[in-house]
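This is my_file.csv (CSV, C-alpha atoms).
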chain,number,residue,atom,x,y,z
S,1,MET,CA,36.1,-76.7,-58.5
S,2,LEU,CA,39.2,-77.9,-60.3
S,3,GLU,CA,38.7,-75.5,-63.1
S,4,TYR,CA,39.7,-72.6,-60.8
S,5,LEU,CA,43.1,-74.2,-60.1
S,6,PRO,CA,44.9,-72.0,-62.7
S,7,LEU,CA,43.4,-68.9,-61.1
S,8,VAL,CA,44.6,-70.0,-57.7
S,9,ILE,CA,48.1,-70.7,-59.1
S,10,LEU,CA,48.1,-67.3,-60.8
S,11,ILE,CA,47.1,-65.4,-57.7
S,12,SER,CA,49.5,-67.2,-55.4
S,13,LEU,CA,52.3,-66.7,-57.9
S,14,ALA,CA,51.7,-63.0,-58.1
S,15,ALA,CA,51.4,-62.7,-54.3
S,16,GLY,CA,54.4,-64.9,-53.7
S,17,LEU,CA,56.5,-63.0,-56.1
S,18,ALA,CA,55.6,-59.7,-54.5
S,19,VAL,CA,56.4,-61.0,-51.0
S,20,LEU,CA,59.6,-62.6,-52.2
S,21,VAL,CA,60.9,-59.4,-53.8
S,22,VAL,CA,60.2,-57.4,-50.7
S,23,ILE,CA,61.9,-60.0,-48.5
S,24,LEU,CA,64.9,-60.3,-50.8
S,25,GLY,CA,65.4,-56.6,-50.9
S,26,HIS,CA,65.2,-56.4,-47.1
S,27,SER,CA,67.6,-59.2,-46.4
S,28,PHE,CA,70.3,-58.4,-49.0
S,29,GLY,CA,70.2,-54.7,-49.2
S,30,PRO,CA,72.5,-52.7,-46.8
S,31,HIS,CA,70.6,-50.7,-44.0
S,32,ARG,CA,72.4,-47.6,-42.8
S,33,PRO,CA,69.6,-45.1,-42.2
S,34,THR,CA,70.5,-41.6,-41.2
S,35,ALA,CA,68.1,-38.7,-40.6
S,36,LYS,CA,69.0,-37.1,-43.9
S,37,LYS,CA,68.5,-40.4,-45.8
S,38,GLY,CA,65.0,-40.8,-44.3
S,39,LEU,CA,63.8,-37.5,-45.7
S,40,PRO,CA,61.5,-37.7,-48.8
S,41,TYR,CA,63.3,-36.9,-52.0
S,42,GLU,CA,62.5,-33.3,-53.0
S,43,SER,CA,65.1,-32.7,-55.8
S,44,GLY,CA,67.7,-31.7,-53.3
S,45,MET,CA,65.9,-29.1,-51.2
S,46,THR,CA,64.6,-29.8,-47.7
S,47,PRO,CA,61.0,-30.7,-47.9
S,48,TYR,CA,58.5,-28.6,-46.0
S,49,GLY,CA,54.8,-28.8,-45.3
S,50,PRO,CA,52.6,-31.9,-45.5
S,51,GLY,CA,53.8,-34.4,-48.1
S,52,THR,CA,50.3,-35.3,-49.3
S,53,ARG,CA,48.4,-33.0,-51.5
S,54,ARG,CA,44.7,-33.0,-51.9
S,55,MET,CA,43.8,-34.6,-55.2
S,56,SER,CA,41.8,-32.7,-57.7
S,57,VAL,CA,38.1,-33.4,-57.8
S,58,ARG,CA,38.4,-34.1,-61.5
S,59,TYR,CA,39.8,-37.5,-60.7
S,60,TYR,CA,36.6,-38.2,-58.7
S,61,LEU,CA,34.4,-37.2,-61.6
S,62,VAL,CA,36.3,-39.5,-64.0
S,63,ALA,CA,35.9,-42.3,-61.5
S,64,VAL,CA,32.1,-41.6,-61.3
S,65,LEU,CA,31.8,-41.8,-65.0
S,66,PHE,CA,33.8,-45.0,-65.0
S,67,ILE,CA,31.7,-46.7,-62.4
S,68,LEU,CA,28.4,-45.9,-64.1
S,69,PHE,CA,29.5,-47.0,-67.6
S,70,ASP,CA,31.2,-50.0,-66.0
S,71,ILE,CA,27.8,-51.2,-64.7
S,72,GLU,CA,26.4,-50.5,-68.1
S,73,VAL,CA,29.0,-52.8,-69.7
S,74,VAL,CA,28.3,-55.5,-67.2
S,75,PHE,CA,24.6,-55.4,-68.3
S,76,PHE,CA,25.8,-56.1,-71.9
S,77,LEU,CA,27.2,-59.5,-71.2
S,78,PRO,CA,24.0,-61.5,-70.3
S,79,TRP,CA,22.3,-59.7,-73.2
S,80,ALA,CA,25.0,-60.6,-75.6
S,81,VAL,CA,24.7,-64.2,-74.7
S,82,MET,CA,21.0,-64.1,-75.7
S,83,PHE,CA,21.5,-61.9,-78.7
S,84,ARG,CA,21.1,-64.4,-81.5
S,85,LYS,CA,18.0,-65.9,-79.9
S,86,LEU,CA,16.3,-62.5,-79.4
S,87,GLY,CA,17.0,-61.0,-82.8
S,88,VAL,CA,15.6,-57.5,-83.5
S,89,PHE,CA,13.7,-57.4,-80.3
S,90,GLY,CA,16.8,-57.7,-78.2
S,91,LEU,CA,18.5,-55.0,-80.3
S,92,VAL,CA,15.6,-52.6,-79.6
S,93,GLU,CA,15.7,-53.4,-75.9
S,94,MET,CA,19.4,-52.7,-75.7
S,95,LEU,CA,19.0,-49.5,-77.9
S,96,ILE,CA,16.5,-48.1,-75.4
S,97,PHE,CA,18.9,-48.9,-72.5
S,98,ILE,CA,21.8,-47.3,-74.3
S,99,GLY,CA,19.7,-44.4,-75.5
S,100,ILE,CA,18.8,-43.5,-71.9
S,101,LEU,CA,22.4,-43.7,-70.8
S,102,LEU,CA,23.4,-41.7,-73.8
S,103,VAL,CA,21.5,-38.7,-72.4
S,104,GLY,CA,23.7,-38.9,-69.4
S,105,TYR,CA,26.8,-39.1,-71.6
S,106,VAL,CA,25.7,-36.0,-73.5
S,107,TYR,CA,25.0,-34.2,-70.2
S,108,ALA,CA,28.5,-35.1,-69.0
S,109,TRP,CA,30.0,-33.9,-72.2
S,110,LYS,CA,28.1,-30.6,-72.2
S,111,LYS,CA,28.9,-29.9,-68.6
S,112,GLY,CA,32.6,-30.4,-69.3
S,113,ALA,CA,33.1,-33.4,-67.1
S,114,LEU,CA,35.0,-35.1,-69.8
S,115,GLU,CA,37.5,-32.3,-70.2
S,116,TRP,CA,40.7,-32.2,-68.2
S,117,GLU,CA,42.0,-28.7,-69.0
D,1,MET,CA,34.1,-82.9,-50.8
D,2,ILE,CA,36.2,-81.7,-47.9
D,3,LEU,CA,38.1,-79.2,-50.1
D,4,ASP,CA,35.0,-77.0,-50.4
D,5,GLN,CA,34.6,-76.8,-46.7
D,6,VAL,CA,38.2,-75.9,-46.1
D,7,ILE,CA,38.0,-73.1,-48.7
D,8,PHE,CA,34.7,-71.9,-47.2
D,9,LEU,CA,36.1,-71.8,-43.7
D,10,ILE,CA,39.3,-70.0,-44.7
D,11,THR,CA,37.4,-67.5,-46.8
D,12,ALA,CA,34.9,-66.9,-44.0
D,13,VAL,CA,37.6,-66.2,-41.5
D,14,VAL,CA,39.3,-63.8,-43.9
D,15,VAL,CA,36.1,-62.0,-44.7
D,16,LEU,CA,35.1,-61.6,-41.1
D,17,THR,CA,38.5,-60.4,-40.0
D,18,ALA,CA,38.6,-57.9,-42.9
D,19,ALA,CA,35.0,-56.7,-42.0
D,20,ILE,CA,35.9,-56.2,-38.4
D,21,LEU,CA,39.0,-54.2,-39.4
D,22,VAL,CA,36.9,-52.1,-41.8
D,23,VAL,CA,34.7,-50.9,-39.0
D,24,SER,CA,37.5,-50.6,-36.4
D,25,VAL,CA,40.7,-49.2,-37.9
D,26,PRO,CA,41.1,-45.5,-37.3
D,27,LYS,CA,42.8,-44.7,-40.7
D,28,MET,CA,40.3,-44.5,-43.5
D,29,ILE,CA,42.7,-45.6,-46.2
D,30,HIS,CA,43.4,-48.8,-44.3
D,31,ALA,CA,39.7,-49.4,-43.9
D,32,ALA,CA,39.3,-49.0,-47.6
D,33,LEU,CA,42.0,-51.6,-48.3
D,34,TRP,CA,40.5,-54.0,-45.8
D,35,LEU,CA,37.2,-53.5,-47.5
D,36,ILE,CA,38.8,-54.6,-50.8
D,37,LEU,CA,39.9,-57.8,-49.1
D,38,ALA,CA,36.4,-58.5,-47.7
D,39,LEU,CA,34.9,-57.9,-51.2
D,40,ALA,CA,37.4,-60.3,-52.7
D,41,GLY,CA,36.5,-62.9,-50.1
D,42,ILE,CA,32.8,-62.5,-51.1
D,43,ALA,CA,33.9,-63.1,-54.7
D,44,VAL,CA,35.4,-66.4,-53.6
D,45,LEU,CA,32.2,-67.4,-51.9
D,46,PHE,CA,30.3,-66.6,-55.1
D,47,VAL,CA,32.5,-69.1,-56.9
D,48,LEU,CA,31.8,-71.7,-54.2
D,49,LEU,CA,28.1,-71.0,-54.8
D,50,GLN,CA,28.3,-71.8,-58.5
D,51,ALA,CA,27.9,-68.2,-59.5
D,52,PRO,CA,31.2,-67.5,-61.4
D,53,PHE,CA,29.6,-64.7,-63.4
D,54,PHE,CA,28.9,-62.8,-60.2
D,55,ALA,CA,32.4,-63.5,-58.9
D,56,VAL,CA,33.7,-61.7,-61.9
D,57,VAL,CA,31.1,-58.9,-61.6
D,58,GLN,CA,32.1,-58.5,-58.0
D,59,VAL,CA,35.7,-58.0,-58.9
D,60,ILE,CA,34.9,-55.7,-61.8
D,61,VAL,CA,32.2,-53.6,-60.2
D,62,TYR,CA,33.0,-53.7,-56.5
D,63,ILE,CA,36.7,-54.0,-56.3
D,64,GLY,CA,37.5,-52.3,-59.7
D,65,ALA,CA,35.1,-49.4,-59.5
D,66,ILE,CA,33.4,-48.9,-56.1
D,67,ALA,CA,36.4,-49.5,-54.0
D,68,VAL,CA,38.5,-47.2,-56.3
D,69,LEU,CA,35.9,-44.5,-55.9
D,70,VAL,CA,35.9,-44.8,-52.1
D,71,ILE,CA,39.7,-44.5,-52.2
D,72,PHE,CA,39.5,-41.4,-54.3
D,73,ALA,CA,37.0,-39.9,-51.9
D,74,VAL,CA,39.3,-40.7,-49.0
D,75,MET,CA,42.2,-39.0,-50.8
D,76,LEU,CA,40.1,-36.0,-51.7
D,77,THR,CA,39.1,-35.3,-48.1
D,78,ARG,CA,42.3,-36.5,-46.4
D,79,LYS,CA,43.3,-33.3,-44.7
D,80,ALA,CA,40.0,-33.0,-42.8
D,81,MET,CA,39.9,-36.6,-42.2
D,82,GLN,CA,43.1,-36.9,-40.2
D,83,ASP,CA,40.9,-37.4,-37.3
D,84,ASP,CA,42.4,-37.0,-33.9
D,85,GLY,CA,39.1,-36.8,-32.0
D,86,PRO,CA,37.1,-39.8,-30.9
D,87,GLN,CA,36.3,-42.3,-33.6
D,88,LEU,CA,32.9,-43.0,-32.1
D,89,ASN,CA,29.9,-40.9,-31.8
D,90,ARG,CA,27.9,-40.1,-28.7
D,91,TYR,CA,25.6,-43.0,-28.7
D,92,SER,CA,28.1,-45.8,-29.4
D,93,VAL,CA,27.3,-48.0,-26.4
D,94,LEU,CA,23.6,-47.9,-27.1
D,95,ALA,CA,24.2,-48.4,-30.8
D,96,ALA,CA,26.4,-51.4,-30.2
D,97,ALA,CA,23.7,-53.0,-28.0
D,98,VAL,CA,21.1,-52.4,-30.7
D,99,SER,CA,23.4,-54.0,-33.3
D,100,LEU,CA,24.0,-57.0,-31.2
D,101,MET,CA,20.2,-57.4,-30.7
D,102,LEU,CA,19.9,-57.1,-34.5
D,103,PHE,CA,22.4,-59.9,-34.8
D,104,ALA,CA,20.6,-62.1,-32.3
D,105,VAL,CA,17.3,-61.6,-34.0
D,106,LEU,CA,18.7,-62.3,-37.5
D,107,THR,CA,20.5,-65.5,-36.5
D,108,GLY,CA,17.6,-66.6,-34.3
D,109,MET,CA,15.1,-66.2,-37.1
D,110,LEU,CA,17.3,-67.8,-39.7
D,111,LEU,CA,18.3,-70.8,-37.6
D,112,SER,CA,14.8,-71.5,-36.3
D,113,TRP,CA,13.7,-71.9,-39.9
D,114,ASP,CA,13.9,-75.5,-40.9
D,115,GLY,CA,15.2,-74.9,-44.4
D,116,ALA,CA,18.4,-73.4,-43.0
D,117,ASN,CA,19.6,-76.8,-41.9
D,118,ASN,CA,17.9,-79.0,-44.5
D,119,LEU,CA,18.6,-77.0,-47.6
D,120,PRO,CA,22.1,-78.0,-48.8
D,121,VAL,CA,24.0,-75.7,-51.0
D,122,ASN,CA,24.2,-78.0,-53.9
D,123,PRO,CA,27.3,-77.9,-56.1
D,124,ALA,CA,25.8,-80.5,-58.4
D,125,VAL,CA,23.1,-78.2,-59.7
D,126,ASN,CA,24.6,-75.8,-62.1
D,127,PRO,CA,22.1,-73.3,-63.5
D,128,ASP,CA,23.9,-72.0,-66.5
D,129,THR,CA,24.2,-68.6,-64.9
D,130,ILE,CA,24.8,-66.2,-67.8
D,131,VAL,CA,22.2,-67.8,-70.1
D,132,ASN,CA,19.6,-67.9,-67.3
D,133,LEU,CA,20.4,-64.3,-66.5
D,134,GLY,CA,20.2,-63.2,-70.0
D,135,GLU,CA,16.9,-65.0,-70.5
D,136,SER,CA,15.3,-63.3,-67.5
D,137,LEU,CA,16.7,-59.9,-68.1
D,138,THR,CA,15.5,-59.7,-71.7
D,139,ASN,CA,12.2,-61.3,-71.2
D,140,PRO,CA,9.2,-59.0,-71.1
D,141,GLN,CA,7.5,-61.4,-68.7
D,142,GLY,CA,10.7,-61.4,-66.6
D,143,PHE,CA,12.9,-58.6,-65.7
D,144,LEU,CA,12.9,-56.5,-68.8
D,145,LEU,CA,11.2,-53.5,-67.2
D,146,PRO,CA,13.6,-53.4,-64.2
D,147,PHE,CA,16.5,-53.7,-66.6
D,148,GLU,CA,15.3,-50.6,-68.5
D,149,VAL,CA,14.5,-48.7,-65.3
D,150,ALA,CA,18.0,-49.5,-64.1
D,151,SER,CA,19.3,-47.3,-66.9
D,152,ILE,CA,17.2,-44.5,-65.7
D,153,LEU,CA,18.6,-44.9,-62.2
D,154,LEU,CA,22.1,-44.9,-63.6
D,155,LEU,CA,21.3,-41.8,-65.6
D,156,ALA,CA,20.0,-40.0,-62.5
D,157,ALA,CA,23.1,-41.0,-60.6
D,158,LEU,CA,25.3,-39.8,-63.4
D,159,VAL,CA,23.6,-36.4,-63.6
D,160,GLY,CA,23.4,-36.0,-59.9
D,161,ALA,CA,27.0,-36.9,-59.2
D,162,ILE,CA,28.3,-34.6,-62.0
D,163,TYR,CA,26.1,-31.7,-60.8
D,164,ILE,CA,27.1,-32.1,-57.2
D,165,GLY,CA,30.7,-33.0,-57.7
D,166,ARG,CA,31.6,-30.4,-60.3
D,167,GLU,CA,33.7,-27.4,-59.1
D,168,HIS,CA,31.5,-24.4,-59.4
D,169,ARG,CA,33.7,-21.7,-60.8
D,170,ALA,CA,32.7,-18.2,-60.1
D,171,GLY,CA,31.5,-16.2,-63.1
D,172,LYS,CA,31.5,-19.2,-65.5
D,173,GLU,CA,28.5,-21.1,-64.1
D,174,GLU,CA,25.5,-20.3,-62.0
D,175,GLU,CA,26.4,-20.0,-58.3
Y,1,MET,CA,27.4,-84.3,-52.4
Y,2,ASN,CA,25.9,-81.6,-50.2
Y,3,THR,CA,29.0,-80.1,-48.8
Y,4,ILE,CA,28.3,-76.8,-47.1
Y,5,PRO,CA,25.0,-76.4,-45.3
Y,6,MET,CA,22.9,-73.4,-46.0
Y,7,SER,CA,23.1,-72.2,-42.4
Y,8,TYR,CA,26.8,-71.5,-42.7
Y,9,TYR,CA,26.3,-69.0,-45.4
Y,10,LEU,CA,23.3,-67.5,-43.6
Y,11,VAL,CA,25.2,-67.1,-40.4
Y,12,LEU,CA,28.2,-65.7,-42.2
Y,13,SER,CA,26.1,-63.1,-43.9
Y,14,ALA,CA,24.2,-62.3,-40.7
Y,15,VAL,CA,27.5,-61.6,-38.9
Y,16,MET,CA,28.7,-59.5,-41.8
Y,17,PHE,CA,25.5,-57.5,-41.9
Y,18,THR,CA,25.7,-56.9,-38.2
Y,19,LEU,CA,29.3,-55.7,-38.5
Y,20,GLY,CA,28.2,-53.3,-41.2
Y,21,ALA,CA,25.3,-52.1,-39.1
Y,22,ILE,CA,27.6,-51.5,-36.1
Y,23,GLY,CA,30.0,-49.6,-38.4
Y,24,VAL,CA,27.2,-47.4,-39.7
Y,25,ILE,CA,25.8,-46.6,-36.3
Y,26,ILE,CA,28.8,-46.1,-34.1
Y,27,ARG,CA,31.4,-44.6,-36.4
Y,28,ARG,CA,31.6,-40.8,-36.7
Y,29,ASN,CA,33.3,-40.7,-40.1
Y,30,PRO,CA,30.9,-40.7,-43.1
Y,31,LEU,CA,33.4,-42.4,-45.4
Y,32,VAL,CA,33.8,-45.4,-43.0
Y,33,MET,CA,30.0,-45.4,-42.8
Y,34,PHE,CA,29.9,-45.8,-46.5
Y,35,MET,CA,32.3,-48.7,-46.4
Y,36,SER,CA,30.2,-50.4,-43.7
Y,37,LEU,CA,27.1,-49.9,-46.0
Y,38,GLU,CA,29.0,-51.8,-48.7
Y,39,LEU,CA,29.6,-54.6,-46.2
Y,40,MET,CA,25.8,-54.7,-45.6
Y,41,PHE,CA,25.1,-54.8,-49.3
Y,42,ASN,CA,27.5,-57.6,-49.8
Y,43,ALA,CA,26.0,-59.6,-46.9
Y,44,ALA,CA,22.6,-59.3,-48.6
Y,45,ASN,CA,24.1,-60.3,-51.9
Y,46,LEU,CA,25.7,-63.3,-50.4
Y,47,THR,CA,22.3,-64.4,-49.0
Y,48,PHE,CA,20.6,-63.9,-52.4
Y,49,VAL,CA,23.2,-66.0,-54.2
Y,50,ALA,CA,23.1,-68.7,-51.6
Y,51,PHE,CA,19.3,-69.0,-51.8
Y,52,SER,CA,19.5,-68.8,-55.6
Y,53,ASN,CA,21.9,-71.7,-55.6
Y,54,ALA,CA,19.9,-73.8,-53.1
Y,55,PHE,CA,16.6,-73.4,-55.0
Y,56,GLY,CA,18.2,-73.6,-58.4
Y,57,ASN,CA,16.5,-70.4,-59.4
Y,58,ALA,CA,18.1,-67.5,-61.2
Y,59,ASN,CA,15.9,-64.8,-59.7
Y,60,GLY,CA,18.1,-64.3,-56.7
Y,61,GLN,CA,21.0,-63.6,-59.0
Y,62,ILE,CA,19.0,-61.0,-60.9
Y,63,PHE,CA,18.4,-59.3,-57.6
Y,64,VAL,CA,22.1,-59.2,-56.9
Y,65,PHE,CA,22.5,-57.5,-60.2
Y,66,PHE,CA,20.1,-54.8,-59.3
Y,67,VAL,CA,21.6,-54.5,-55.8
Y,68,MET,CA,24.9,-53.8,-57.5
Y,69,VAL,CA,23.4,-51.2,-59.7
Y,70,VAL,CA,21.8,-49.4,-56.7
Y,71,ALA,CA,25.1,-49.7,-54.8
Y,72,ALA,CA,27.0,-48.1,-57.6
Y,73,ALA,CA,24.5,-45.2,-58.0
Y,74,GLU,CA,24.4,-44.7,-54.2
Y,75,VAL,CA,28.2,-44.6,-54.0
Y,76,ALA,CA,28.5,-42.2,-56.9
Y,77,VAL,CA,26.0,-39.7,-55.5
Y,78,GLY,CA,26.8,-40.2,-51.8
Y,79,LEU,CA,30.5,-39.7,-52.2
Y,80,ALA,CA,29.9,-36.7,-54.4
Y,81,LEU,CA,27.8,-35.2,-51.6
Y,82,ILE,CA,30.5,-35.9,-49.0
Y,83,VAL,CA,33.1,-34.3,-51.3
Y,84,ALA,CA,30.9,-31.3,-51.8
Y,85,ILE,CA,30.2,-30.9,-48.1
Y,86,PHE,CA,33.9,-31.2,-47.4
Y,87,ARG,CA,34.5,-28.4,-49.9
Y,88,THR,CA,32.1,-26.0,-48.3
Y,89,ARG,CA,32.4,-26.9,-44.6
Y,90,HIS,CA,36.0,-28.3,-44.5
Y,91,SER,CA,34.9,-30.9,-42.0
Y,92,ILE,CA,32.9,-34.0,-42.5
Y,93,ASP,CA,32.1,-34.9,-38.9
Y,94,ILE,CA,28.7,-36.5,-39.2
Y,95,ASP,CA,27.5,-34.9,-35.9
Y,96,LEU,CA,28.1,-31.4,-37.3
Y,97,MET,CA,25.9,-31.9,-40.4
Y,98,ASN,CA,22.8,-30.5,-38.8
Y,99,THR,CA,22.3,-27.3,-40.8
Y,100,LEU,CA,19.0,-28.5,-42.1
Y,101,LYS,CA,17.7,-29.1,-38.6
Y,102,ASN,CA,17.1,-25.5,-37.6
Could I get this structure in the form of structure tokens?
Amino acid sequence: MLEYLPLVILISLAAGLAVLVVILGHSFGPHRPTAKKGLPYESGMTPYGPGTRRMSVRYYLVAVLFILFDIEVVFFLPWAVMFRKLGVFGLVEMLIFIGILLVGYVYAWKKGALEWE
Amino acid sequence: MILDQVIFLITAVVVLTAAILVVSVPKMIHAALWLILALAGIAVLFVLLQAPFFAVVQVIVYIGAIAVLVIFAVMLTRKAMQDDGPQLNRYSVLAAAVSLMLFAVLTGMLLSWDGANNLPVNPAVNPDTIVNLGESLTNPQGFLLPFEVASILLLAALVGAIYIGREHRAGKEEE
Amino acid sequence: MNTIPMSYYLVLSAVMFTLGAIGVIIRRNPLVMFMSLELMFNAANLTFVAFSNAFGNANGQIFVFFVMVVAAAEVAVGLALIVAIFRTRHSIDIDLMNTLKN
């Protein structure tokens, strides 16, 4: 369990720093809020309408591509550990795996899911 | 080792609190953020169970990809999702009763089984996770076929998600 | 050196699974239902890994691997469906998705 100590230290340092910065900013910065100051910054004009805009669906498609190829990469790791032992057989196994997913990649490319325009 | 138990209890409390908040907070983006906390807690439990590889995979796949996808979906549908109506559907009381029954059956079954109390989760046994995993995944007698079939599942999901999610522009594509 | 009994993990994952089930059944919002589904997947994964550790057998962990693959595929297609429904109907109230019924 002790080998995870650096990880714990890292996470608590990161979280602690974030909390500390927020607390310091709150306690030392002056607070004189007015109605005008509370407005969102809109390059000088008065903002109107809802502040949040619906995101483009292209972000979603990129995220889908990411998730699926992410899983693929996770599969590489146990295979890579065994690679020397398996030799050519392991290579063929992985080539089949990649080959099938390559079809999906080509499909995504042809359908323009990789283009942002 | 008392340290393990302390870590387990803290993590369990965090995970359960986060899980309760996921199903109960009205704002979806908050639910998504609580979901991330619950998933991170599960990663800690994987470490306690001597499966560090899965702790990393949990962070990479669940927190890094699935949770991000959920947050994207929340942002894509935000306007319609600012839900002022009731958060629950018509059958909520009945459904809650059924769920509680499910819980009673699950725990009853698990705890009436002898192994639940006799089987210790043993930190001394350390199956070398990645090597074992690689051995079974690449072995034709083991899980080679599921491994290859998984790629077909991923391919189907990829094609399906792209086809459904793409914006159909008039004149350029069918439909 | 047996520190944490198996039953702790089992009860924890049973509670988590039930919470996920409650979320799936009683919430009206499909995205929250998806998040609850993820909770249920994770409860099952936790049980798999706990048993895999208790029996010193890697097969449970292999299952977790495939559960993660299925979860990723399910999320990708399911959320795409929700986004597509949102685009055509401009509402994703789960009780209104009954076009196929008639």
Please tabulate, as a tab-separated table, the residues of chain S that come within 9 Å of chain D, each with its closest pair of atoms and the distance in Å to one decimal, counting only C-alpha atoms and ordering rows by chain, then residue number upward.
residue	atom	partner	partner_atom	distance
S:Met1	CA	D:Leu48	CA	7.9
S:Tyr4	CA	D:Val47	CA	8.9
S:Thr52	CA	D:Arg78	CA	8.6
S:Arg53	CA	D:Lys79	CA	8.5
S:Arg54	CA	D:Leu76	CA	5.5
S:Met55	CA	D:Leu76	CA	5.3
S:Ser56	CA	D:Leu76	CA	7.1
S:Val57	CA	D:Leu76	CA	6.9
S:Arg58	CA	D:Arg166	CA	7.8
S:Tyr59	CA	D:Phe72	CA	7.5
S:Tyr60	CA	D:Phe72	CA	6.2
S:Leu61	CA	D:Ile162	CA	6.6
S:Ala63	CA	D:Leu69	CA	6.0
S:Val64	CA	D:Leu69	CA	7.2
S:Leu65	CA	D:Leu158	CA	7.0
S:Phe66	CA	D:Ala65	CA	7.2
S:Ile67	CA	D:Ala65	CA	5.2
S:Leu68	CA	D:Leu154	CA	6.4
S:Phe69	CA	D:Leu154	CA	8.7
S:Asp70	CA	D:Val61	CA	6.9
S:Ile71	CA	D:Val61	CA	6.7
S:Glu72	CA	D:Ser151	CA	7.9
S:Val74	CA	D:Val57	CA	7.1
S:Phe75	CA	D:Phe147	CA	8.4
S:Leu77	CA	D:Ile130	CA	7.9
S:Pro78	CA	D:Gly134	CA	4.2
S:Trp79	CA	D:Gly134	CA	5.2
S:Ala80	CA	D:Gly134	CA	7.8
S:Val81	CA	D:Val131	CA	6.4
S:Met82	CA	D:Gly134	CA	5.8
S:Phe83	CA	D:Gly134	CA	8.9
S:Leu86	CA	D:Thr138	CA	8.2
S:Gly90	CA	D:Thr138	CA	6.9
S:Glu93	CA	D:Thr138	CA	7.6
S:Met94	CA	D:Glu148	CA	8.5
S:Ile96	CA	D:Glu148	CA	7.4
S:Phe97	CA	D:Glu148	CA	5.6
S:Ile98	CA	D:Ser151	CA	7.8
S:Ile100	CA	D:Ser151	CA	6.3
S:Leu101	CA	D:Leu155	CA	5.6
S:Leu102	CA	D:Leu155	CA	8.5
S:Val103	CA	D:Leu155	CA	7.5
S:Gly104	CA	D:Leu155	CA	5.3
S:Tyr105	CA	D:Leu158	CA	8.4
S:Tyr107	CA	D:Val159	CA	7.1
S:Ala108	CA	D:Ile162	CA	7.0
S:Lys111	CA	D:Ile162	CA	8.1
S:Ala113	CA	D:Ile162	CA	7.1
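Between CA of Ala18 (chain D) and CA of Leu17 (chain S) there is a distance of 22.8 Å.
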Find the residues near Val22 (chain D): any atom within 6 Å, counting all atoms listed in the file, skip ones fewer than 5 places away on the same chain, and give them as a PDB file with C-alpha atoms, keeping the file's coordinate frame.
ATOM      1  CA  ALA D  31      39.700 -49.400 -43.900  1.00  0.00           C
ATOM      2  CA  TRP D  34      40.500 -54.000 -45.800  1.00  0.00           C
ATOM      3  CA  LEU D  35      37.200 -53.500 -47.500  1.00  0.00           C
TER       4      LEU D  35
END
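From CA of Arg27 (chain Y) back to CA of Ala73 (chain Y), the distance works out to 22.7 Å.
Between CA of Ala14 (chain S) and CA of Val14 (chain D) there is a distance of 18.9 Å.
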Could you give me, as CSV, every chain Y residue with an atom at most 12 Å from chain S, plus its closest atom pair and distance in Å to one decimal, counting only C-alpha atoms, rows ordered by chain then number?
residue,atom,partner,partner_atom,distance
Y:Gln61,CA,S:Pro78,CA,11.9
Y:Ile62,CA,S:Pro78,CA,10.7
Y:Phe65,CA,S:Phe75,CA,8.6
Y:Phe66,CA,S:Ile71,CA,10.1
Y:Val67,CA,S:Ile71,CA,11.3
Y:Met68,CA,S:Ile71,CA,8.2
Y:Val69,CA,S:Ile71,CA,6.7
Y:Val70,CA,S:Ile71,CA,10.2
Y:Ala71,CA,S:Ile71,CA,10.4
Y:Ala72,CA,S:Ile67,CA,6.9
Y:Ala73,CA,S:Leu68,CA,7.3
Y:Glu74,CA,S:Leu68,CA,10.7
Y:Val75,CA,S:Val64,CA,8.8
Y:Ala76,CA,S:Val64,CA,5.7
Y:Val77,CA,S:Val64,CA,8.6
Y:Gly78,CA,S:Val64,CA,11.0
Y:Leu79,CA,S:Tyr60,CA,9.0
Y:Ala80,CA,S:Tyr60,CA,8.1
Y:Leu81,CA,S:Tyr60,CA,11.7
Y:Ile82,CA,S:Tyr60,CA,11.7
Y:Val83,CA,S:Val57,CA,8.2
Y:Ala84,CA,S:Val57,CA,9.6
Y:Phe86,CA,S:Val57,CA,11.4
Y:Arg87,CA,S:Val57,CA,10.0
Residues of chain Y within 7 Å of chain D, counting only C-alpha atoms - could you list those as a PyMOL selection string? chain Y and resi 2-7+11+14-16+18-19+21-23+25-28+32+35-36+50+53-54+56+58+62+72-73+76-77+79-81+83-84+86+90-91
Could you write region 18-23 of chain D as an mmCIF file, in the frame of the given file, with N, CA and C atoms rebuilt where they are missing?
data_model
loop_
_atom_site.group_PDB
_atom_site.id
_atom_site.type_symbol
_atom_site.label_atom_id
_atom_site.label_comp_id
_atom_site.auth_asym_id
_atom_site.auth_seq_id
_atom_site.Cartn_x
_atom_site.Cartn_y
_atom_site.Cartn_z
ATOM 1 N N ALA D 18 38.482 -59.136 -42.093
ATOM 2 C CA ALA D 18 38.600 -57.900 -42.900
ATOM 3 C C ALA D 18 37.391 -56.981 -42.520
ATOM 4 N N ALA D 19 36.202 -57.566 -42.324
ATOM 5 C CA ALA D 19 35.000 -56.700 -42.000
ATOM 6 C C ALA D 19 35.187 -56.070 -40.664
ATOM 7 N N ILE D 20 35.696 -56.826 -39.678
ATOM 8 C CA ILE D 20 35.900 -56.200 -38.400
ATOM 9 C C ILE D 20 36.910 -55.075 -38.471
ATOM 10 N N LEU D 21 37.975 -55.288 -39.263
ATOM 11 C CA LEU D 21 39.000 -54.200 -39.400
ATOM 12 C C LEU D 21 38.415 -53.019 -40.114
ATOM 13 N N VAL D 22 37.513 -53.245 -41.087
ATOM 14 C CA VAL D 22 36.900 -52.100 -41.800
ATOM 15 C C VAL D 22 36.221 -51.181 -40.821
ATOM 16 N N VAL D 23 35.461 -51.765 -39.902
ATOM 17 C CA VAL D 23 34.700 -50.900 -39.000
ATOM 18 C C VAL D 23 35.530 -50.425 -37.822
#
